[in-house]
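Chemist: Quick one, model_0.txt (compact mmCIF, C-alpha atoms):
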```
# COMPACT_ATOMS: atom_id res chain seq x y z
CA MET A 475 283.11 146.92 105.77
CA ARG A 476 283.92 145.31 109.12
CA SER A 477 284.06 148.78 110.70
CA PHE A 478 280.34 149.13 110.10
CA GLY A 479 279.44 145.62 111.28
CA PHE A 480 278.63 144.09 107.90
CA ALA A 481 279.32 140.37 107.52
CA ARG A 482 280.02 140.71 103.79
CA GLY A 483 279.56 143.05 100.87
CA SER A 484 279.49 143.21 97.11
CA ALA A 485 280.18 145.82 94.47
CA ASP A 486 277.44 144.28 92.31
CA TRP A 487 273.93 145.22 93.46
CA ARG A 488 272.49 142.32 91.47
CA GLN A 489 274.23 139.86 93.76
CA VAL A 490 272.60 141.51 96.76
CA VAL A 491 269.13 141.47 95.19
CA GLN A 492 269.39 137.81 94.22
CA ASP A 493 270.91 136.59 97.50
CA PRO A 494 268.38 134.29 99.22
CA ALA A 495 269.65 135.43 102.63
CA VAL A 496 268.55 139.01 101.94
CA ASP A 497 265.02 139.87 103.08
CA VAL A 498 265.01 143.64 102.57
CA VAL A 499 266.72 145.83 99.98
CA VAL A 500 267.43 149.46 100.91
CA ILE A 501 267.94 151.78 97.93
CA ALA A 502 269.85 155.04 98.34
CA ALA A 503 271.18 155.48 94.79
CA PRO A 504 270.72 158.62 92.65
CA ASN A 505 267.10 159.21 91.68
CA MET A 506 267.16 157.99 88.09
CA LEU A 507 268.53 154.60 89.20
CA HIS A 508 265.69 153.92 91.66
CA VAL A 509 263.20 152.26 89.34
CA GLU A 510 265.59 149.63 87.95
CA LEU A 511 266.65 148.63 91.45
CA VAL A 512 263.07 148.58 92.78
CA GLU A 513 261.80 146.45 89.90
CA ALA A 514 264.64 143.96 90.30
CA ALA A 515 264.23 143.71 94.08
CA ALA A 516 260.44 143.32 93.85
CA ALA A 517 260.78 140.66 91.15
CA ALA A 518 263.12 138.76 93.50
CA GLY A 519 260.50 138.94 96.28
CA LYS A 520 262.44 141.35 98.47
CA HIS A 521 260.77 144.00 100.58
CA VAL A 522 262.01 147.41 99.43
CA PHE A 523 262.84 150.60 101.29
CA CYS A 524 263.74 153.37 98.84
CA GLU A 525 264.89 156.88 99.50
CA LYS A 526 262.48 159.44 98.16
CA PRO A 527 261.41 160.20 95.50
CA VAL A 528 261.35 156.57 94.25
CA GLY A 529 262.40 157.64 90.76
CA GLY A 530 263.42 160.91 89.20
CA THR A 531 260.17 161.45 87.30
CA PRO A 532 256.49 160.74 87.98
CA GLU A 533 256.54 158.04 85.30
CA GLN A 534 259.32 156.17 87.10
CA THR A 535 257.56 156.36 90.45
CA VAL A 536 254.44 154.91 88.81
CA ARG A 537 256.51 151.98 87.54
CA ALA A 538 258.10 151.38 90.94
CA GLU A 539 254.78 151.44 92.82
CA LYS A 540 253.20 149.08 90.32
CA ALA A 541 256.14 146.64 90.54
CA ALA A 542 256.05 146.47 94.34
CA ARG A 543 252.26 146.12 94.43
CA ALA A 544 252.26 143.38 91.78
CA ALA A 545 254.97 141.46 93.63
CA GLY A 546 253.16 141.76 96.97
CA VAL A 547 256.25 143.07 98.76
CA ILE A 548 256.23 145.66 101.55
CA SER A 549 257.50 149.07 100.45
CA GLY A 550 258.80 152.04 102.40
CA VAL A 551 259.88 155.57 101.44
CA GLY A 552 262.41 157.84 103.13
CA TYR A 553 260.01 160.60 104.11
CA ASN A 554 261.85 160.80 107.41
CA TYR A 555 260.32 164.09 108.60
CA ARG A 556 257.08 162.24 109.26
CA TRP A 557 258.81 160.63 112.22
CA ALA A 558 259.90 163.76 114.09
CA PRO A 559 258.19 163.37 117.48
CA LEU A 560 256.75 166.89 117.40
CA VAL A 561 255.45 166.38 113.85
CA ARG A 562 253.60 163.31 115.14
CA TYR A 563 252.24 165.44 117.97
CA ALA A 564 251.10 168.07 115.47
CA ALA A 565 249.27 165.35 113.54
CA GLN A 566 247.56 164.25 116.75
CA LEU A 567 246.50 167.81 117.62
CA ILE A 568 244.97 168.27 114.15
CA ALA A 569 243.27 164.85 114.12
CA ASP A 570 241.80 165.40 117.60
CA GLY A 571 240.27 168.71 116.53
CA HIS A 572 242.26 171.01 118.81
CA LEU A 573 242.80 173.45 115.94
CA GLY A 574 239.18 173.30 114.82
CA GLU A 575 238.54 173.22 111.08
CA ILE A 576 241.78 173.70 109.14
CA THR A 577 241.38 176.64 106.77
CA ASN A 578 244.84 177.14 105.35
CA TYR A 579 248.28 175.55 105.26
CA ARG A 580 251.76 176.70 104.33
CA GLY A 581 254.55 174.26 103.47
CA ARG A 582 258.08 175.05 102.37
CA PHE A 583 261.53 173.54 102.01
CA PHE A 584 264.19 176.21 101.61
CA SER A 585 267.79 175.00 101.42
CA MET A 586 271.04 176.76 100.50
CA TYR A 587 272.84 173.72 99.11
CA GLY A 588 272.60 175.12 95.56
CA SER A 589 272.91 178.82 96.31
CA ASP A 590 276.60 179.15 95.42
CA PRO A 591 277.01 179.78 91.67
CA LEU A 592 280.40 178.04 91.94
CA GLY A 593 278.83 174.89 93.37
CA VAL A 594 279.74 172.16 90.92
CA LEU A 595 277.37 170.58 88.42
CA SER A 596 276.67 167.40 90.41
CA TRP A 597 274.07 164.83 89.37
CA ARG A 598 271.36 166.65 91.33
CA PHE A 599 271.39 169.48 88.79
CA LEU A 600 270.97 167.22 85.74
CA VAL A 601 267.59 166.00 84.54
CA ASP A 602 269.04 162.79 83.05
CA GLN A 603 270.56 161.78 86.41
CA ALA A 604 268.29 163.36 89.05
CA GLY A 605 265.07 163.75 87.12
CA HIS A 606 263.27 166.92 88.07
CA GLY A 607 264.94 169.35 90.48
CA VAL A 608 263.45 170.76 93.68
CA THR A 609 259.99 169.36 92.99
CA THR A 610 261.53 165.91 93.23
CA ASP A 611 264.23 166.61 95.80
CA LEU A 612 262.59 169.00 98.28
CA MET A 613 258.92 169.66 97.63
CA SER A 614 258.22 165.92 97.75
CA HIS A 615 258.98 166.05 101.51
CA SER A 616 256.87 169.15 102.04
CA VAL A 617 253.76 167.86 100.29
CA ASP A 618 254.09 164.41 101.83
CA LEU A 619 253.85 165.97 105.29
CA ALA A 620 250.77 167.90 104.20
CA HIS A 621 249.20 164.68 102.90
CA MET A 622 249.84 163.06 106.29
CA LEU A 623 248.46 166.02 108.23
CA LEU A 624 245.50 167.16 106.08
CA GLY A 625 244.85 164.57 103.39
CA PRO A 626 244.75 164.71 99.58
CA ILE A 627 245.26 167.74 97.37
CA THR A 628 242.71 168.11 94.56
CA ARG A 629 244.01 170.89 92.31
CA VAL A 630 247.06 173.12 91.96
CA MET A 631 248.52 176.11 90.16
CA GLY A 632 252.30 176.03 89.95
CA THR A 633 255.43 177.75 88.69
CA THR A 634 259.11 176.78 88.46
CA GLU A 635 262.38 178.56 87.68
CA THR A 636 266.09 177.86 87.30
CA PHE A 637 268.02 180.81 88.70
CA ILE A 638 271.57 179.49 88.29
CA ARG A 639 271.64 178.20 84.74
CA GLU A 640 275.29 177.11 84.51
CA ARG A 641 277.74 175.59 86.99
CA PRO A 642 281.41 174.55 86.98
CA LEU A 643 281.98 170.98 85.84
CA PRO A 644 283.06 168.69 88.70
CA GLY A 645 286.46 167.07 88.82
CA ALA A 646 287.02 163.32 88.92
CA ASP A 647 286.85 163.34 92.73
CA GLY A 648 284.13 166.00 93.00
CA THR A 649 281.23 165.68 95.38
CA HIS A 650 277.75 167.13 95.62
CA TYR A 651 279.09 169.86 97.91
CA GLY A 652 282.20 170.60 95.83
CA ARG A 653 283.09 174.12 94.72
CA GLY A 654 284.64 175.08 91.42
CA ARG A 655 286.64 178.11 90.35
CA PRO A 656 285.51 181.10 88.28
CA ASP A 657 287.58 180.02 85.28
CA ASP A 658 286.50 176.34 85.30
CA PRO A 659 284.60 175.01 82.27
CA ARG A 660 280.85 175.07 82.80
CA GLY A 661 277.83 173.01 81.95
CA ALA A 662 274.11 173.70 81.80
CA VAL A 663 271.77 173.07 84.74
CA THR A 664 268.86 171.11 83.29
CA ASN A 665 266.28 171.00 86.10
CA GLU A 666 264.58 173.55 88.32
CA ASP A 667 266.04 175.48 91.28
CA TYR A 668 262.68 176.74 92.54
CA ALA A 669 259.04 175.70 92.56
CA ALA A 670 255.88 177.09 94.10
CA MET A 671 252.21 176.24 94.00
CA LEU A 672 248.80 177.21 95.27
CA CYS A 673 246.52 174.30 96.07
CA GLU A 674 243.18 173.15 97.37
CA PHE A 675 242.83 170.20 99.73
CA GLU A 676 240.01 167.69 99.50
CA GLY A 677 238.92 168.75 102.99
CA GLY A 678 238.47 172.36 101.87
CA ALA A 679 241.65 173.99 103.17
CA ARG A 680 243.74 176.21 100.89
CA GLY A 681 247.49 175.87 100.80
CA THR A 682 250.74 177.32 99.50
CA PHE A 683 254.02 175.50 98.95
CA GLU A 684 257.51 176.67 98.01
CA ALA A 685 260.80 174.86 97.54
CA SER A 686 264.20 176.30 96.66
CA ARG A 687 267.77 175.04 96.62
CA SER A 688 269.28 178.36 95.50
CA ILE A 689 267.77 180.67 98.12
CA VAL A 690 270.14 182.63 100.38
CA GLY A 691 269.38 182.68 104.10
CA PRO A 692 267.51 179.56 105.19
CA GLU A 693 269.96 176.72 105.75
CA SER A 694 267.51 173.80 105.88
CA GLN A 695 264.07 175.22 106.44
CA MET A 696 261.79 172.23 106.01
CA ALA A 697 258.77 173.83 107.67
CA PHE A 698 255.01 173.99 107.78
CA GLU A 699 252.20 175.94 109.42
CA ALA A 700 248.59 174.83 109.77
CA TYR A 701 245.86 177.34 110.62
CA GLY A 702 242.42 176.42 111.94
CA THR A 703 239.33 178.06 113.38
CA GLN A 704 240.45 177.26 116.95
CA GLY A 705 244.22 177.43 116.73
CA ALA A 706 247.41 177.16 114.71
CA LEU A 707 250.75 175.40 114.85
CA GLY A 708 254.08 175.40 113.09
CA TRP A 709 257.26 173.31 112.92
CA ASN A 710 260.66 173.92 111.33
CA LEU A 711 263.45 171.36 110.85
CA GLU A 712 266.01 174.00 111.82
CA LYS A 713 264.44 173.84 115.30
CA LEU A 714 263.15 170.28 115.14
CA ASN A 715 262.77 170.03 118.92
CA GLU A 716 260.31 172.94 119.09
CA LEU A 717 256.66 173.21 118.03
CA GLN A 718 254.91 176.58 117.91
CA LEU A 719 251.31 176.24 119.13
CA TYR A 720 248.48 178.75 119.42
CA LEU A 721 245.09 177.80 120.87
CA VAL A 722 242.08 180.12 121.02
CA GLU A 723 241.40 178.89 124.54
CA ASP A 724 244.49 180.86 125.60
CA VAL A 725 242.59 184.14 125.19
CA PRO A 726 243.00 186.76 126.67
CA HIS A 727 246.65 185.69 126.93
CA THR A 728 247.20 185.64 123.19
CA GLY A 729 250.31 184.46 121.40
CA TYR A 730 252.12 181.29 120.46
CA ARG A 731 253.60 178.99 123.06
CA THR A 732 256.71 176.90 122.43
CA VAL A 733 256.31 173.17 123.04
CA TYR A 734 259.68 171.54 123.60
CA GLY A 735 260.46 167.99 122.57
CA GLY A 736 260.98 165.47 125.30
CA GLU A 737 260.54 161.91 126.43
CA ARG A 738 256.77 162.36 126.82
CA PHE A 739 256.60 162.19 123.00
CA PRO A 740 257.06 158.74 121.39
CA TYR A 741 260.64 157.74 120.57
CA HIS A 742 262.25 160.94 121.86
CA GLY A 743 263.10 159.24 125.13
CA ASN A 744 264.82 156.39 123.30
CA PHE A 745 267.59 158.84 122.42
CA VAL A 746 267.75 161.29 125.31
CA PRO A 747 265.83 161.58 128.60
CA GLY A 748 263.96 164.54 130.03
CA SER A 749 262.52 167.57 128.26
CA ALA A 750 264.22 170.04 125.88
CA ASN A 751 267.20 167.73 125.48
CA GLY A 752 267.20 167.67 121.70
CA ILE A 753 267.40 164.79 119.26
CA GLY A 754 268.93 165.20 115.78
CA PHE A 755 268.31 164.57 112.09
CA GLU A 756 270.02 161.19 112.18
CA ASP A 757 267.64 160.06 114.92
CA LEU A 758 264.71 160.56 112.56
CA VAL A 759 266.40 158.14 110.16
CA VAL A 760 266.82 155.60 112.96
CA ILE A 761 263.11 155.90 113.78
CA GLU A 762 262.03 155.44 110.16
CA ASP A 763 264.31 152.40 109.77
CA TYR A 764 262.92 150.88 112.96
CA GLU A 765 259.35 151.46 111.86
CA PHE A 766 259.96 149.88 108.46
CA CYS A 767 261.66 146.84 109.99
CA ARG A 768 258.73 146.50 112.38
CA SER A 769 256.29 146.53 109.48
CA VAL A 770 258.28 143.79 107.75
CA ALA A 771 258.50 141.71 110.94
CA GLU A 772 254.73 142.05 111.47
CA GLU A 773 254.03 141.39 107.77
CA ARG A 774 251.81 144.43 107.34
CA PRO A 775 251.75 147.36 104.90
CA HIS A 776 254.03 150.24 105.80
CA ARG A 777 253.34 153.97 105.73
CA PRO A 778 254.83 155.91 104.14
CA GLY A 779 255.06 153.40 101.32
CA PHE A 780 255.17 153.62 97.56
CA GLU A 781 251.48 154.59 97.50
CA ASP A 782 252.50 157.77 99.32
CA ALA A 783 255.27 158.43 96.79
CA LEU A 784 252.65 157.94 94.08
CA ALA A 785 250.35 160.44 95.80
CA TRP A 786 253.13 163.05 95.67
CA VAL A 787 254.06 162.51 92.00
CA SER A 788 250.39 162.81 91.06
CA VAL A 789 250.53 166.31 92.57
CA GLN A 790 253.92 166.94 90.97
CA ALA A 791 252.61 166.05 87.52
CA ALA A 792 249.76 168.54 87.95
CA LEU A 793 252.18 171.23 89.16
CA LEU A 794 254.51 170.73 86.18
CA LYS A 795 251.57 170.81 83.78
CA SER A 796 250.29 174.01 85.40
CA ASP A 797 253.73 175.55 84.95
CA GLN A 798 253.27 175.01 81.22
CA THR A 799 249.60 175.96 80.87
CA GLY A 800 249.49 178.81 83.40
CA ALA A 801 246.16 177.44 84.66
CA TRP A 802 244.75 175.52 87.60
CA GLU A 803 245.20 171.79 86.99
CA PRO A 804 243.37 168.90 88.69
CA VAL A 805 245.37 166.29 90.59
CA VAL A 806 244.64 162.93 88.97
CA SER A 807 246.06 159.72 90.43
CA LEU A 808 248.76 158.26 88.19
CA ARG A 809 248.31 154.75 89.56
CA GLU A 810 248.37 152.04 86.90
CA ASP A 811 246.48 148.79 87.49
```
Please rewrite the model in this file as structure tokens.
Modeler:
Amino acid sequence: MRSFGFARGSADWRQVVQDPAVDVVVIAAPNMLHVELVEAAAAAGKHVFCEKPVGGTPEQTVRAEKAARAAGVISGVGYNYRWAPLVRYAAQLIADGHLGEITNYRGRFFSMYGSDPLGVLSWRFLVDQAGHGVTTDLMSHSVDLAHMLLGPITRVMGTTETFIRERPLPGADGTHYGRGRPDDPRGAVTNEDYAAMLCEFEGGARGTFEASRSIVGPESQMAFEAYGTQGALGWNLEKLNELQLYLVEDVPHTGYRTVYGGERFPYHGNFVPGSANGIGFEDLVVIEDYEFCRSVAEERPHRPGFEDALAWVSVQAALLKSDQTGAWEPVVSLRED
């Protein structure tokens, strides 16, 4: 504990929540534990920062958002990709009209963490511990970025699949990245490996989204492309210090240009000086923590907050319903007053 600079600690989270010296509670527990912790912290008057998805199911996220709103506490969500300096620059380019009218959007989060059939049956693969699978774990990030960049989604058509249906049971000291053996006892995977959807945005753009944890090839491809009448851009976490940008004004010299990250973009220079000297994933977490603490210090609402988590699960609920009906489904806000 002293190695990390903490004055004191406790193995009982209830002691932390009830401690009058604690102003903010940060929740990084498995998904299905989120709502109990959020409700307790909000009831104690603590501001709450919770890792996404703020509950393992849409119903739990609804409860968490309602609890924080009723208590009047400031909430924050770990949608850390919002804070990548070049993602913020992409948002500025779109908002300022440099891409013209946005006509279509592609979002995806492809990760290989579940691609090994011998990867053990950790809590992430179990609906009673993680809630839903990649819609909760990965697509939540992808759609949240689209909400930030383009605004609300109004209707969707979706599909899901579980490609690896059984996994080796973990040992007593197993971790999320553990690997079993071919002859180990196995258990059933109870949530989805893959999800995809077509969608329509309120502003008129059409979009596609995919998320997979069992794909082979992309290591951590949290990526998006936005296409407009005057240009296009794209960003990929695997190259988080590069933005691909195409502007019609470049004609006749057509083609994408690469915009490198650098200190001219907010916060980049707080980590490294100059241009094309890259920052890393952990720096995005530092930025999001700083921004949340600043919101608390200034006593103002924070974005992304639980309302943004609620916006995602409203889309998620429509996607999961569409997977069952095989039809387009409207996105209806799940907010409870």
Chemist: Write out as JSON an axis-aligned box for stretch 540-551 of chain A: all of its atoms listed in the file, 4 Å added on each side, centre and edge lengths in Å with one decimal.
Modeler:
```
{"center_x": 256.1, "center_y": 148.5, "center_z": 96.4, "size_x": 15.6, "size_y": 22.1, "size_z": 20.1}
```
Chemist: Given all atoms listed in the file as the basis, pick out the residue of A:Thr799, A:Thr531, A:Ser769, A:Ser596 nearest to A:Met631.
Modeler: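 Among A:Thr799, A:Thr531, A:Ser769, A:Ser596, it is A:Thr799 that comes nearest to A:Met631.
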Chemist: What lies within 8 Å of A:Pro778 using only C-alpha atoms, ignoring chain neighbours under 4 positions off, as a list in words?
Modeler: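 Near A:Pro778, the qualifying residues are Gly550, Val551, Gly552, Tyr553, Asp782 and Ala783 of chain A.
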Chemist: For the residues in the current selection, export C-alpha atoms as a PDB file, in the frame of the given file.
Modeler:
```
ATOM      1  CA  GLY A 550     258.800 152.040 102.400  1.00  0.00           C
ATOM      2  CA  VAL A 551     259.880 155.570 101.440  1.00  0.00           C
ATOM      3  CA  GLY A 552     262.410 157.840 103.130  1.00  0.00           C
ATOM      4  CA  TYR A 553     260.010 160.600 104.110  1.00  0.00           C
ATOM      5  CA  ASP A 782     252.500 157.770  99.320  1.00  0.00           C
ATOM      6  CA  ALA A 783     255.270 158.430  96.790  1.00  0.00           C
TER       7      ALA A 783
END
```
Chemist: Which residues come within 6 Å of stretch 493-506 of chain A, counting all atoms listed in the file, excluding same-chain residues fewer than 5 positions away, as a PyMOL selection string?
Modeler: chain A and resi 520-525+529-530+603-604
Chemist: Name the residues in contact with A:Gly632 at a cut-off of 8 Å, using all atoms listed in the file, excluding same-chain residues fewer than 5 positions from it; report them as an MDAnalysis selection string.
Modeler: chainID A and resid 669:672 793:794 796:797 800 802
Chemist: Using only C-alpha atoms, list the residues that have an atom at most 9 Å from (278.1, 177.6, 78.4), coordinates as in the file, as a PyMOL selection string.
Modeler: chain A and resi 640-641+659-662
Chemist: For the selection you just gave me, I'd like the residues written to a file as a PDB file, in the coordinates of the input, keeping C-alpha atoms.
Modeler:
```pdb
ATOM      1  CA  GLU A 640     275.290 177.110  84.510  1.00  0.00           C
ATOM      2  CA  ARG A 641     277.740 175.590  86.990  1.00  0.00           C
ATOM      3  CA  PRO A 659     284.600 175.010  82.270  1.00  0.00           C
ATOM      4  CA  ARG A 660     280.850 175.070  82.800  1.00  0.00           C
ATOM      5  CA  GLY A 661     277.830 173.010  81.950  1.00  0.00           C
ATOM      6  CA  ALA A 662     274.110 173.700  81.800  1.00  0.00           C
TER       7      ALA A 662
END
```
Chemist: Atom CA of A:Gln566 and atom CA of A:Glu674, how far apart in Å?
Modeler: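 We find that atom CA of A:Glu674 and atom CA of A:Gln566 lie 21.8 Å from each other.
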Chemist: Using Å and a single decimal, report how far atom CA of A:Arg777 sits from atom CA of A:Glu533.
Modeler: 21.1 Å
Chemist: Could you check which of A:Arg809, A:Glu510, A:Tyr579, A:Lys526 is closest to A:Thr682, using only C-alpha atoms?
Modeler: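 Result for the nearest residue to A:Thr682: A:Tyr579.
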Chemist: Find the residues around A:Leu573 up to 10 Å (only C-alpha atoms counted), leave out those fewer than 6 positions away in its own chain, and share them as number ranges by chain.
Modeler: A: 564, 567, 700-707, 719-722
Chemist: As an exercise, work out the distance from atom CA of A:His742 to atom CA of A:Cys767 in Å and give it to one decimal place.
Modeler: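 So the answer is 18.4 Å.
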Chemist: Set the distance at 8 Å and use only C-alpha atoms: which residues neighbour A:Gly708 once local chain neighbours fewer than 3 positions away are removed? I'd like the list as a count of residues only.
Modeler: 7
